[in-house]
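Chemist: My file is coords_12.pdb. It has PDB, C-alpha atoms and all ligand atoms:
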```pdb
ATOM      1  CA  MET A  14      -1.722 128.392 124.967
ATOM      2  CA  MET A  15       1.847 128.680 126.197
ATOM      3  CA  GLU A  16       4.492 128.895 123.531
ATOM      4  CA  LEU A  17       8.137 128.405 124.415
ATOM      5  CA  ILE A  18      10.895 129.538 122.064
ATOM      6  CA  THR A  19      14.518 128.896 122.994
ATOM      7  CA  LYS A  20      17.729 130.314 121.560
ATOM      8  CA  THR A  21      21.412 129.924 122.393
ATOM      9  CA  THR A  22      24.518 132.012 121.721
ATOM     10  CA  GLU A  23      28.111 130.919 122.295
ATOM     11  CA  LYS A  24      30.593 133.557 123.441
ATOM     12  CA  GLU A  25      34.119 133.708 124.830
ATOM     13  CA  THR A  26      36.633 135.922 126.539
ATOM     14  CA  ALA A  27      40.382 135.236 126.874
ATOM     15  CA  ASP A  28      39.693 133.130 130.002
ATOM     16  CA  VAL A  29      36.152 131.820 129.765
ATOM     17  CA  GLN A  30      33.900 130.081 127.275
ATOM     18  CA  MET A  31      30.204 130.599 127.740
ATOM     19  CA  ILE A  32      26.818 129.734 126.383
ATOM     20  CA  GLU A  33      23.794 131.948 126.824
ATOM     21  CA  GLY A  34      20.333 130.441 126.600
ATOM     22  CA  THR A  35      17.226 132.536 126.116
ATOM     23  CA  VAL A  36      13.726 131.341 126.876
ATOM     24  CA  ASN A  37      10.830 133.275 125.393
ATOM     25  CA  ILE A  38       7.496 132.294 126.865
ATOM     26  CA  ASN A  39       4.491 134.167 125.458
ATOM     27  CA  GLY A  40       6.618 137.281 124.998
ATOM     28  CA  VAL A  41       8.317 137.171 128.427
ATOM     29  CA  LYS A  42      12.024 136.779 127.730
ATOM     30  CA  LEU A  43      14.455 135.340 130.288
ATOM     31  CA  ASN A  44      18.054 134.270 129.885
ATOM     32  CA  VAL A  45      20.740 132.299 131.698
ATOM     33  CA  TYR A  46      24.447 131.613 131.204
ATOM     34  CA  SER A  47      26.667 128.609 131.747
ATOM     35  CA  PHE A  48      30.445 129.179 131.941
ATOM     36  CA  LEU A  49      33.478 127.006 131.316
ATOM     37  CA  ILE A  50      36.918 127.826 132.668
ATOM     38  CA  ASP A  51      39.897 125.495 133.068
ATOM     39  CA  HIS A  52      37.616 122.459 132.398
ATOM     40  CA  THR A  53      35.301 123.505 135.225
ATOM     41  CA  LEU A  54      31.672 124.179 134.318
ATOM     42  CA  ILE A  55      29.917 126.859 136.344
ATOM     43  CA  ASP A  56      26.149 126.268 136.387
ATOM     44  CA  SER A  57      24.341 124.257 133.758
ATOM     45  CA  GLY A  58      21.315 126.160 132.436
ATOM     46  CA  SER A  59      17.741 124.950 132.674
ATOM     47  CA  GLN A  60      16.033 121.727 131.642
ATOM     48  CA  THR A  61      14.152 123.656 128.922
ATOM     49  CA  LEU A  62      17.529 124.699 127.466
ATOM     50  CA  LEU A  63      19.265 121.346 127.852
ATOM     51  CA  GLU A  64      18.674 120.139 124.297
ATOM     52  CA  ASP A  65      20.140 123.406 122.994
ATOM     53  CA  PHE A  66      23.098 123.257 125.414
ATOM     54  CA  GLN A  67      23.917 119.575 124.777
ATOM     55  CA  PRO A  68      26.045 120.025 121.613
ATOM     56  CA  TRP A  69      28.136 122.603 123.491
ATOM     57  CA  PHE A  70      28.450 120.371 126.571
ATOM     58  CA  LYS A  71      29.404 117.408 124.348
ATOM     59  CA  LYS A  72      32.291 119.135 122.616
ATOM     60  CA  GLN A  73      33.867 120.396 125.866
ATOM     61  CA  ARG A  74      36.162 118.622 128.251
ATOM     62  CA  ILE A  75      34.401 119.095 131.561
ATOM     63  CA  ASP A  76      36.112 117.722 134.690
ATOM     64  CA  GLN A  77      33.734 119.053 137.350
ATOM     65  CA  VAL A  78      30.662 121.219 137.850
ATOM     66  CA  PHE A  79      30.438 124.118 140.302
ATOM     67  CA  ILE A  80      26.866 125.163 141.142
ATOM     68  CA  THR A  81      26.246 128.684 142.479
ATOM     69  CA  HIS A  82      22.840 127.794 143.993
ATOM     70  CA  ASN A  83      19.995 125.326 143.805
ATOM     71  CA  HIS A  84      17.684 127.085 141.341
ATOM     72  CA  GLU A  85      16.283 125.228 138.346
ATOM     73  CA  ASP A  86      17.768 127.647 135.770
ATOM     74  CA  HIS A  87      21.257 126.794 137.090
ATOM     75  CA  THR A  88      20.889 123.088 137.807
ATOM     76  CA  GLY A  89      18.675 121.839 134.941
ATOM     77  CA  GLY A  90      21.542 120.242 132.994
ATOM     78  CA  VAL A  91      23.286 118.543 135.910
ATOM     79  CA  THR A  92      21.470 115.199 135.883
ATOM     80  CA  TRP A  93      22.276 114.706 132.199
ATOM     81  CA  LEU A  94      25.897 115.896 132.613
ATOM     82  CA  GLN A  95      26.458 113.491 135.462
ATOM     83  CA  GLN A  96      25.039 110.554 133.487
ATOM     84  CA  GLU A  97      26.895 111.500 130.290
ATOM     85  CA  LYS A  98      30.273 112.425 131.739
ATOM     86  CA  GLY A  99      30.338 110.876 135.221
ATOM     87  CA  ILE A 100      31.792 114.023 136.737
ATOM     88  CA  PRO A 101      31.654 115.391 140.285
ATOM     89  CA  VAL A 102      29.199 118.187 141.042
ATOM     90  CA  PHE A 103      29.732 120.625 143.912
ATOM     91  CA  ILE A 104      27.097 122.692 145.700
ATOM     92  CA  HIS A 105      26.590 124.481 149.033
ATOM     93  CA  PRO A 106      26.628 121.893 151.884
ATOM     94  CA  ASP A 107      23.016 122.770 152.813
ATOM     95  CA  SER A 108      21.733 121.739 149.361
ATOM     96  CA  VAL A 109      23.450 118.361 148.958
ATOM     97  CA  GLU A 110      20.500 116.479 150.453
ATOM     98  CA  LYS A 111      17.820 118.475 148.572
ATOM     99  CA  CYS A 112      19.423 117.751 145.198
ATOM    100  CA  LYS A 113      18.982 113.995 145.683
ATOM    101  CA  SER A 114      15.292 114.429 144.886
ATOM    102  CA  LEU A 115      13.098 116.475 142.578
ATOM    103  CA  GLU A 116      11.884 119.848 143.695
ATOM    104  CA  GLU A 117       8.423 121.344 143.179
ATOM    105  CA  THR A 118       8.432 124.853 141.752
ATOM    106  CA  PRO A 119       5.479 127.119 140.864
ATOM    107  CA  VAL A 120       3.854 126.426 137.474
ATOM    108  CA  TYR A 121       5.213 129.538 135.701
ATOM    109  CA  ARG A 122       8.749 128.424 136.632
ATOM    110  CA  GLN A 123       8.128 124.874 135.442
ATOM    111  CA  LEU A 124       6.875 126.241 132.116
ATOM    112  CA  THR A 125       9.869 128.584 131.744
ATOM    113  CA  TRP A 126      12.754 126.519 133.051
ATOM    114  CA  GLY A 127      11.384 123.009 133.399
ATOM    115  CA  SER A 128      12.226 120.959 136.475
ATOM    116  CA  ARG A 129      15.688 119.912 137.504
ATOM    117  CA  GLY A 130      16.305 116.207 137.885
ATOM    118  CA  ALA A 131      17.773 114.571 140.967
ATOM    119  CA  PHE A 132      21.573 114.402 141.155
ATOM    120  CA  ILE A 133      24.351 113.486 143.532
ATOM    121  CA  ALA A 134      26.288 116.532 144.659
ATOM    122  CA  GLN A 135      29.235 116.968 146.979
ATOM    123  CA  PRO A 136      29.661 119.846 149.424
ATOM    124  CA  PHE A 137      32.193 122.531 148.480
ATOM    125  CA  SER A 138      35.274 123.148 150.560
ATOM    126  CA  VAL A 139      36.219 126.774 151.259
ATOM    127  CA  LYS A 140      39.085 126.335 148.805
ATOM    128  CA  MET A 141      38.806 124.306 145.572
ATOM    129  CA  THR A 142      41.137 123.586 142.661
ATOM    130  CA  SER A 143      40.779 123.068 138.939
ATOM    131  CA  GLU A 144      43.561 121.844 136.640
ATOM    132  CA  ASN A 145      45.565 125.085 136.812
ATOM    133  CA  TYR A 146      43.706 127.357 139.189
ATOM    134  CA  THR A 147      42.847 127.829 142.854
ATOM    135  CA  TRP A 148      39.339 128.885 143.815
ATOM    136  CA  ASP A 149      37.904 130.643 146.845
ATOM    137  CA  ILE A 150      34.329 129.534 147.461
ATOM    138  CA  ILE A 151      32.598 132.557 148.976
ATOM    139  CA  GLU A 152      29.274 132.310 150.784
ATOM    140  CA  THR A 153      27.146 135.091 149.304
ATOM    141  CA  LEU A 154      23.667 134.608 150.739
ATOM    142  CA  GLY A 155      20.660 136.756 149.886
ATOM    143  CA  HIS A 156      19.277 135.599 146.550
ATOM    144  CA  THR A 157      19.011 132.187 148.197
ATOM    145  CA  GLN A 158      20.266 130.778 151.482
ATOM    146  CA  ASP A 159      22.713 128.485 149.633
ATOM    147  CA  HIS A 160      24.229 131.030 147.264
ATOM    148  CA  LEU A 161      27.964 130.926 146.535
ATOM    149  CA  SER A 162      30.352 132.976 144.407
ATOM    150  CA  PHE A 163      33.612 131.638 142.986
ATOM    151  CA  TYR A 164      36.877 133.598 142.905
ATOM    152  CA  CYS A 165      39.703 132.479 140.650
ATOM    153  CA  ARG A 166      42.919 133.583 142.315
ATOM    154  CA  GLU A 167      45.231 133.288 139.305
ATOM    155  CA  LYS A 168      42.929 135.172 136.939
ATOM    156  CA  LYS A 169      41.447 137.535 139.547
ATOM    157  CA  ILE A 170      37.932 137.073 138.216
ATOM    158  CA  LEU A 171      34.712 136.465 140.098
ATOM    159  CA  PHE A 172      31.727 134.300 139.160
ATOM    160  CA  THR A 173      28.744 135.813 140.934
ATOM    161  CA  GLY A 174      25.824 133.488 140.069
ATOM    162  CA  ASP A 175      22.690 135.521 140.827
ATOM    163  CA  LEU A 176      24.282 137.876 143.364
ATOM    164  CA  PHE A 177      24.455 140.817 140.946
ATOM    165  CA  VAL A 178      22.049 140.356 137.965
ATOM    166  CA  LEU A 179      21.140 144.078 137.714
ATOM    167  CA  PRO A 180      22.633 147.245 139.251
ATOM    168  CA  HIS A 181      19.181 148.749 139.916
ATOM    169  CA  THR A 182      17.039 145.798 141.016
ATOM    170  CA  LYS A 183      13.329 146.626 140.830
ATOM    171  CA  ALA A 184      11.737 143.301 141.824
ATOM    172  CA  ILE A 185      12.919 140.147 143.616
ATOM    173  CA  LEU A 186      11.604 136.753 144.692
ATOM    174  CA  ASN A 187       9.600 136.673 147.929
ATOM    175  CA  SER A 188      12.249 134.325 149.376
ATOM    176  CA  GLU A 189      15.162 136.714 148.760
ATOM    177  CA  ASN A 190      16.788 138.737 151.496
ATOM    178  CA  MET A 191      18.155 142.077 150.277
ATOM    179  CA  GLN A 192      19.888 142.821 153.571
ATOM    180  CA  ASP A 193      21.915 139.619 153.087
ATOM    181  CA  THR A 194      22.514 140.516 149.433
ATOM    182  CA  LEU A 195      23.870 143.893 150.499
ATOM    183  CA  ALA A 196      26.241 142.227 152.986
ATOM    184  CA  SER A 197      27.334 139.722 150.306
ATOM    185  CA  LEU A 198      28.025 142.484 147.781
ATOM    186  CA  ARG A 199      30.229 144.233 150.357
ATOM    187  CA  LYS A 200      31.921 140.924 151.171
ATOM    188  CA  VAL A 201      33.014 140.170 147.591
ATOM    189  CA  LEU A 202      34.640 143.610 147.336
ATOM    190  CA  THR A 203      37.282 142.355 149.790
ATOM    191  CA  PHE A 204      38.603 140.220 146.897
ATOM    192  CA  ASP A 205      40.875 141.663 144.216
ATOM    193  CA  PHE A 206      38.970 141.652 140.895
ATOM    194  CA  GLU A 207      37.615 143.925 138.169
ATOM    195  CA  ALA A 208      35.643 141.608 135.870
ATOM    196  CA  ILE A 209      32.707 139.468 136.913
ATOM    197  CA  TYR A 210      30.751 136.719 135.212
ATOM    198  CA  CYS A 211      27.067 136.975 136.120
ATOM    199  CA  CYS A 212      24.672 134.146 135.245
ATOM    200  CA  HIS A 213      22.149 136.576 133.742
ATOM    201  CA  ALA A 214      24.177 139.663 132.700
ATOM    202  CA  GLY A 215      27.113 137.603 131.372
ATOM    203  CA  TYR A 216      30.648 139.020 131.238
ATOM    204  CA  LEU A 217      31.005 142.442 132.855
ATOM    205  CA  LYS A 218      34.453 143.921 132.358
ATOM    206  CA  ASN A 219      33.691 146.659 134.907
ATOM    207  CA  GLY A 220      32.005 144.266 137.344
ATOM    208  CA  ARG A 221      33.585 145.815 140.428
ATOM    209  CA  ALA A 222      32.214 149.262 139.557
ATOM    210  CA  MET A 223      28.805 147.720 138.831
ATOM    211  CA  ILE A 224      28.758 146.013 142.235
ATOM    212  CA  ILE A 225      29.636 149.317 143.929
ATOM    213  CA  GLU A 226      26.799 150.942 141.987
ATOM    214  CA  LYS A 227      24.385 148.272 143.211
ATOM    215  CA  ILE A 228      25.510 148.755 146.828
ATOM    216  CA  ASN A 229      24.949 152.520 146.539
ATOM    217  CA  TYR A 230      21.537 151.945 144.968
ATOM    218  CA  LEU A 231      20.425 149.544 147.714
ATOM    219  CA  GLU A 232      21.736 151.848 150.437
ATOM    220  CA  LYS A 233      19.610 154.671 148.997
ATOM    221  CA  ILE A 234      16.523 152.425 148.872
ATOM    222  CA  LEU A 235      17.183 151.383 152.464
ATOM    223  CA  ALA A 236      17.586 154.989 153.691
ATOM    224  CA  LYS A 237      14.422 156.094 151.900
ATOM    225  CA  SER A 238      12.458 153.082 153.193
ATOM    226  CA  LYS A 239      13.546 153.772 156.774
ATOM    227  CA  ASP A 240      12.609 157.391 156.423
ATOM    228  CA  LEU A 241       9.130 156.602 155.086
ATOM    229  CA  LYS A 242       8.630 153.957 157.757
ATOM    230  CA  GLU A 243       9.409 156.523 160.455
ATOM    231  CA  GLN A 244       6.746 158.730 158.875
ATOM    232  CA  GLY A 245       4.306 155.883 159.560
ATOM    233  CA  LEU A 246       3.899 154.451 156.062
ATOM    234  CA  THR A 247       3.134 150.753 155.559
ATOM    235  CA  ILE A 248       5.324 148.440 153.437
ATOM    236  CA  GLU A 249       2.771 148.756 150.600
ATOM    237  CA  GLU A 250       2.775 152.560 150.775
ATOM    238  CA  ILE A 251       6.578 152.722 150.901
ATOM    239  CA  THR A 252       6.787 150.372 147.904
ATOM    240  CA  ALA A 253       4.294 152.476 145.924
ATOM    241  CA  GLN A 254       6.422 155.578 146.524
ATOM    242  CA  ILE A 255       9.804 154.057 145.686
ATOM    243  CA  PHE A 256       8.651 151.709 142.914
ATOM    244  CA  PRO A 257       5.608 153.352 141.308
ATOM    245  CA  LYS A 258       5.805 151.090 138.255
ATOM    246  CA  LYS A 259       4.406 147.523 138.107
ATOM    247  CA  TYR A 260       6.696 145.004 136.447
ATOM    248  CA  ALA A 261       5.628 142.237 134.039
ATOM    249  CA  ILE A 262       7.342 139.583 136.167
ATOM    250  CA  GLU A 263       5.025 140.358 139.130
ATOM    251  CA  GLN A 264       1.947 139.463 137.116
ATOM    252  CA  PHE A 265       3.665 136.601 135.261
ATOM    253  CA  SER A 266       4.828 135.002 138.536
ATOM    254  CA  LYS A 267       1.468 135.549 140.267
ATOM    255  CA  GLY A 268       3.197 137.565 142.968
ATOM    256  CA  GLU A 269       6.232 135.357 143.649
ATOM    257  CA  TRP A 270       8.231 138.349 142.373
ATOM    258  CA  GLY A 271       7.614 141.882 143.563
ATOM    259  CA  SER A 272       9.157 145.240 144.496
ATOM    260  CA  LYS A 273       7.692 145.063 148.003
ATOM    261  CA  TYR A 274      10.015 142.174 148.873
ATOM    262  CA  ILE A 275      12.977 144.526 148.405
ATOM    263  CA  VAL A 276      11.526 147.048 150.869
ATOM    264  CA  ASN A 277      10.306 144.375 153.270
ATOM    265  CA  SER A 278      13.564 142.438 153.489
ATOM    266  CA  LEU A 279      15.659 145.600 153.762
ATOM    267  CA  LEU A 280      13.528 146.864 156.658
ATOM    268  CA  ASN A 281      12.960 143.507 158.371
ATOM    269  CA  ASP A 282      16.553 142.979 159.361
ATOM    270  CA  GLN A 283      16.952 146.461 160.759
ATOM    271  CA  VAL A 284      17.031 145.210 164.337
ATOM    272  CA  SER A 285      20.223 146.911 165.454
ATOM    273  CA  GLY A 286      20.004 149.740 162.910
TER
HETATM  274 ZN    ZN B 301      18.548 132.059 141.073
END
```
Rewrite the structure of this file - the entire thing - as structure tokens.
Ligand SMILES: [Zn+2]
Modeler:
Amino acid sequence: MMELITKTTEKETADVQMIEGTVNINGVKLNVYSFLIDHTLIDSGSQTLLEDFQPWFKKQRIDQVFITHNHEDHTGGVTWLQQEKGIPVFIHPDSVEKCKSLEETPVYRQLTWGSRGAFIAQPFSVKMTSENYTWDIIETLGHTQDHLSFYCREKKILFTGDLFVLPHTKAILNSENMQDTLASLRKVLTFDFEAIYCCHAGYLKNGRAMIIEKINYLEKILAKSKDLKEQGLTIEEITAQIFPKKYAIEQFSKGEWGSKYIVNSLLNDQVSG
């Protein structure tokens, strides 16, 4: 039988209030953050965390919701927030239509995060405003094809959604594109910031250095993968060499997550070298 235990923790920095939700499903522990800055909510947690997040949502003044991407652990609270507060919700233009209806996800994801409800979203402009701040909406594809990061000009901080997550990524979703992620990581470095707010790692004071570390890590994986490919190894053989360990998420997700997707997507896009 599946047992789901949830937990929340409220945290804050000088600029941002945040709530972290943790979902523990049969010993597999996953977490997600929702952030509030200048009355703008960035992502909304999952449907399985909504009851735990509601008291926090209720006590805040929230004028608008910015969504980094259409994944159920970021959008699960939106339907309720829109009904409760009647506030505008912004998402990548490509996802506006999709969010009007429910989305089918694999069973393990439904059990962990629940399903997001339908909601009415508006497309982001390249530049957005909140009460006191100006925001650059940066297209940072890779994790998904609708992924955005948000840069607050006045505070020089960056909200990275699921662009960063870990410096040394060992497994990704089969739909992710690591070549795009690499390009997106390089792209955000053109903005002036040190700290980042990541939806799974939370507040990272040295976010810029962590992003550089991730770029270096991925570049090494790419170089090694190319080298092994030239030696005639298959994707499976290359993966076994670079990632000899099997990760719990691979089994838990019935193969929707895996290390081979890192190798595959890094090598796939190597058309022009
Ligand atoms: Zn995601």
Chemist: Please write the residues picked by the PyMOL selection byres (((not hetatm)) within 10 of (chain B and resi 301)) on this file as a count of residues only.
Modeler: 20
Chemist: Smallest atom-to-atom distance to A:Glu33: which of A:Ile275, A:Ile251, A:Ala214, A:Ala261, using only C-alpha atoms?
Modeler: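 With only C-alpha atoms as the atom set, the closest residue is A:Ala214.
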Chemist: Provide the atom CA of A:Thr22 to atom CA of A:Arg221 distance in Å, to one decimal place.
Modeler: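 Distance between the two atoms: 25.0 Å.
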Chemist: Using the chain letters and numbers from the file, give me the residues hit by the PyMOL selection byres (((chain A and resi 232-238) around 8) and not hetatm), as a list in words.
Modeler: Ile228, Asn229, Tyr230, Leu231, Lys239, Asp240, Leu241, Lys242, Ile251, Ile255, Val276, Leu279 and Leu280 of chain A
Chemist: For a cut-off of 12 Å around (41.4, 121.4, 133.1), file coordinates, pick out all residues using all atoms listed in the file and list them as a PDB file with C-alpha atoms, in the coordinates of the input.
Modeler:
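Final output, saved to selection_18.pdb:
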```
ATOM      1  CA  LEU A  49      33.478 127.006 131.316  1.00  0.00           C
ATOM      2  CA  ILE A  50      36.918 127.826 132.668  1.00  0.00           C
ATOM      3  CA  ASP A  51      39.897 125.495 133.068  1.00  0.00           C
ATOM      4  CA  HIS A  52      37.616 122.459 132.398  1.00  0.00           C
ATOM      5  CA  THR A  53      35.301 123.505 135.225  1.00  0.00           C
ATOM      6  CA  LEU A  54      31.672 124.179 134.318  1.00  0.00           C
ATOM      7  CA  GLN A  73      33.867 120.396 125.866  1.00  0.00           C
ATOM      8  CA  ARG A  74      36.162 118.622 128.251  1.00  0.00           C
ATOM      9  CA  ILE A  75      34.401 119.095 131.561  1.00  0.00           C
ATOM     10  CA  ASP A  76      36.112 117.722 134.690  1.00  0.00           C
ATOM     11  CA  GLN A  77      33.734 119.053 137.350  1.00  0.00           C
ATOM     12  CA  VAL A  78      30.662 121.219 137.850  1.00  0.00           C
ATOM     13  CA  THR A 142      41.137 123.586 142.661  1.00  0.00           C
ATOM     14  CA  SER A 143      40.779 123.068 138.939  1.00  0.00           C
ATOM     15  CA  GLU A 144      43.561 121.844 136.640  1.00  0.00           C
ATOM     16  CA  ASN A 145      45.565 125.085 136.812  1.00  0.00           C
ATOM     17  CA  TYR A 146      43.706 127.357 139.189  1.00  0.00           C
ATOM     18  CA  THR A 147      42.847 127.829 142.854  1.00  0.00           C
TER      19      THR A 147
END
```
Chemist: What is the distance between atom CA of A:Thr153 and atom CA of A:Gly127, in Å to one decimal?
Modeler: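 One can read the atom CA of A:Thr153 to atom CA of A:Gly127 distance as 25.4 Å.
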Chemist: Apply the PyMOL selection byres (((chain A and resi 166) around 9) and not hetatm) to the structure shown and report the selected residues as a PDB file with C-alpha atoms, keeping the file's coordinate frame.
Modeler:
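Just written: selection.pdb:
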```pdb
ATOM      1  CA  TYR A 146      43.706 127.357 139.189  1.00  0.00           C
ATOM      2  CA  THR A 147      42.847 127.829 142.854  1.00  0.00           C
ATOM      3  CA  TRP A 148      39.339 128.885 143.815  1.00  0.00           C
ATOM      4  CA  ASP A 149      37.904 130.643 146.845  1.00  0.00           C
ATOM      5  CA  TYR A 164      36.877 133.598 142.905  1.00  0.00           C
ATOM      6  CA  CYS A 165      39.703 132.479 140.650  1.00  0.00           C
ATOM      7  CA  GLU A 167      45.231 133.288 139.305  1.00  0.00           C
ATOM      8  CA  LYS A 168      42.929 135.172 136.939  1.00  0.00           C
ATOM      9  CA  LYS A 169      41.447 137.535 139.547  1.00  0.00           C
ATOM     10  CA  ILE A 170      37.932 137.073 138.216  1.00  0.00           C
ATOM     11  CA  LEU A 171      34.712 136.465 140.098  1.00  0.00           C
ATOM     12  CA  ASP A 205      40.875 141.663 144.216  1.00  0.00           C
TER      13      ASP A 205
END
```
Chemist: Report, in Å with one decimal, the straight-line distance from atom CA of A:His105 to atom CA of A:Gln158.
Modeler: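 According to the coordinates, atom CA of A:His105 and atom CA of A:Gln158 are separated by 9.3 Å.
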Chemist: Which of these, A:Leu17, A:Val201, A:Leu63, A:Ile80, has the shortest distance to A:Leu43 once you count only C-alpha atoms?
Modeler: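 The answer is A:Leu17, which sits nearest to A:Leu43.
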Chemist: Check the smallest atom-to-atom distance from each of A:Phe103, A:Trp126, A:Tyr121, A:Phe48 to A:Phe265 using all atoms listed in the file, then report the winner.
Modeler: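 Under the stated criterion, the closest residue is A:Tyr121.
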Chemist: Can you tell me, as a ChimeraX atom specification, which residues sit within 8 Å of (33.4, 125.4, 146.5) in the file's frame, using only C-alpha atoms?
Modeler: /A:79,103-105,136-141,148-151,161,163
Chemist: How big is the axis-aligned box, and where does its centre sit, when it encloses all atoms of stretch 42-58 of chain A listed in the file and has 8 Å added on every side, reported in Å to one decimal as AutoDock Vina command-line options?
Modeler:
```
--center_x 26.0 --center_y 129.6 --center_z 132.1 --size_x 43.9 --size_y 30.3 --size_z 24.7
```
Chemist: Using only C-alpha atoms, find the one residue out of A:Leu198, A:Ala131, A:Val120, A:Leu179 that sits nearest to A:Cys211.
Modeler: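 For A:Cys211, the nearest of the candidates is A:Leu179.
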Chemist: Have a look at A:Asn219, A:Gln192, A:Gln30, A:Gln264 and name the one nearest to A:Gly155; count all atoms listed in the file.
Modeler: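 For A:Gly155, the nearest of the candidates is A:Gln192.
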Chemist: Residues near stretch 65-68 of chain A, anyone? I mean within 8 Å using all atoms listed in the file, not counting same-chain ones fewer than 5 positions away, as a list in words.
Modeler: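 My reading of the contact set: Thr19, Lys20, Thr21, Ile32, Gly34 and Gly58 of chain A.
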Chemist: Which of these residues is nearest to A:Lys267, using all atoms listed in the file: A:Gly40, A:Pro101, A:Gly89, A:Pro119?
Modeler: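 Checking each candidate against A:Lys267, we get A:Pro119 as the closest.
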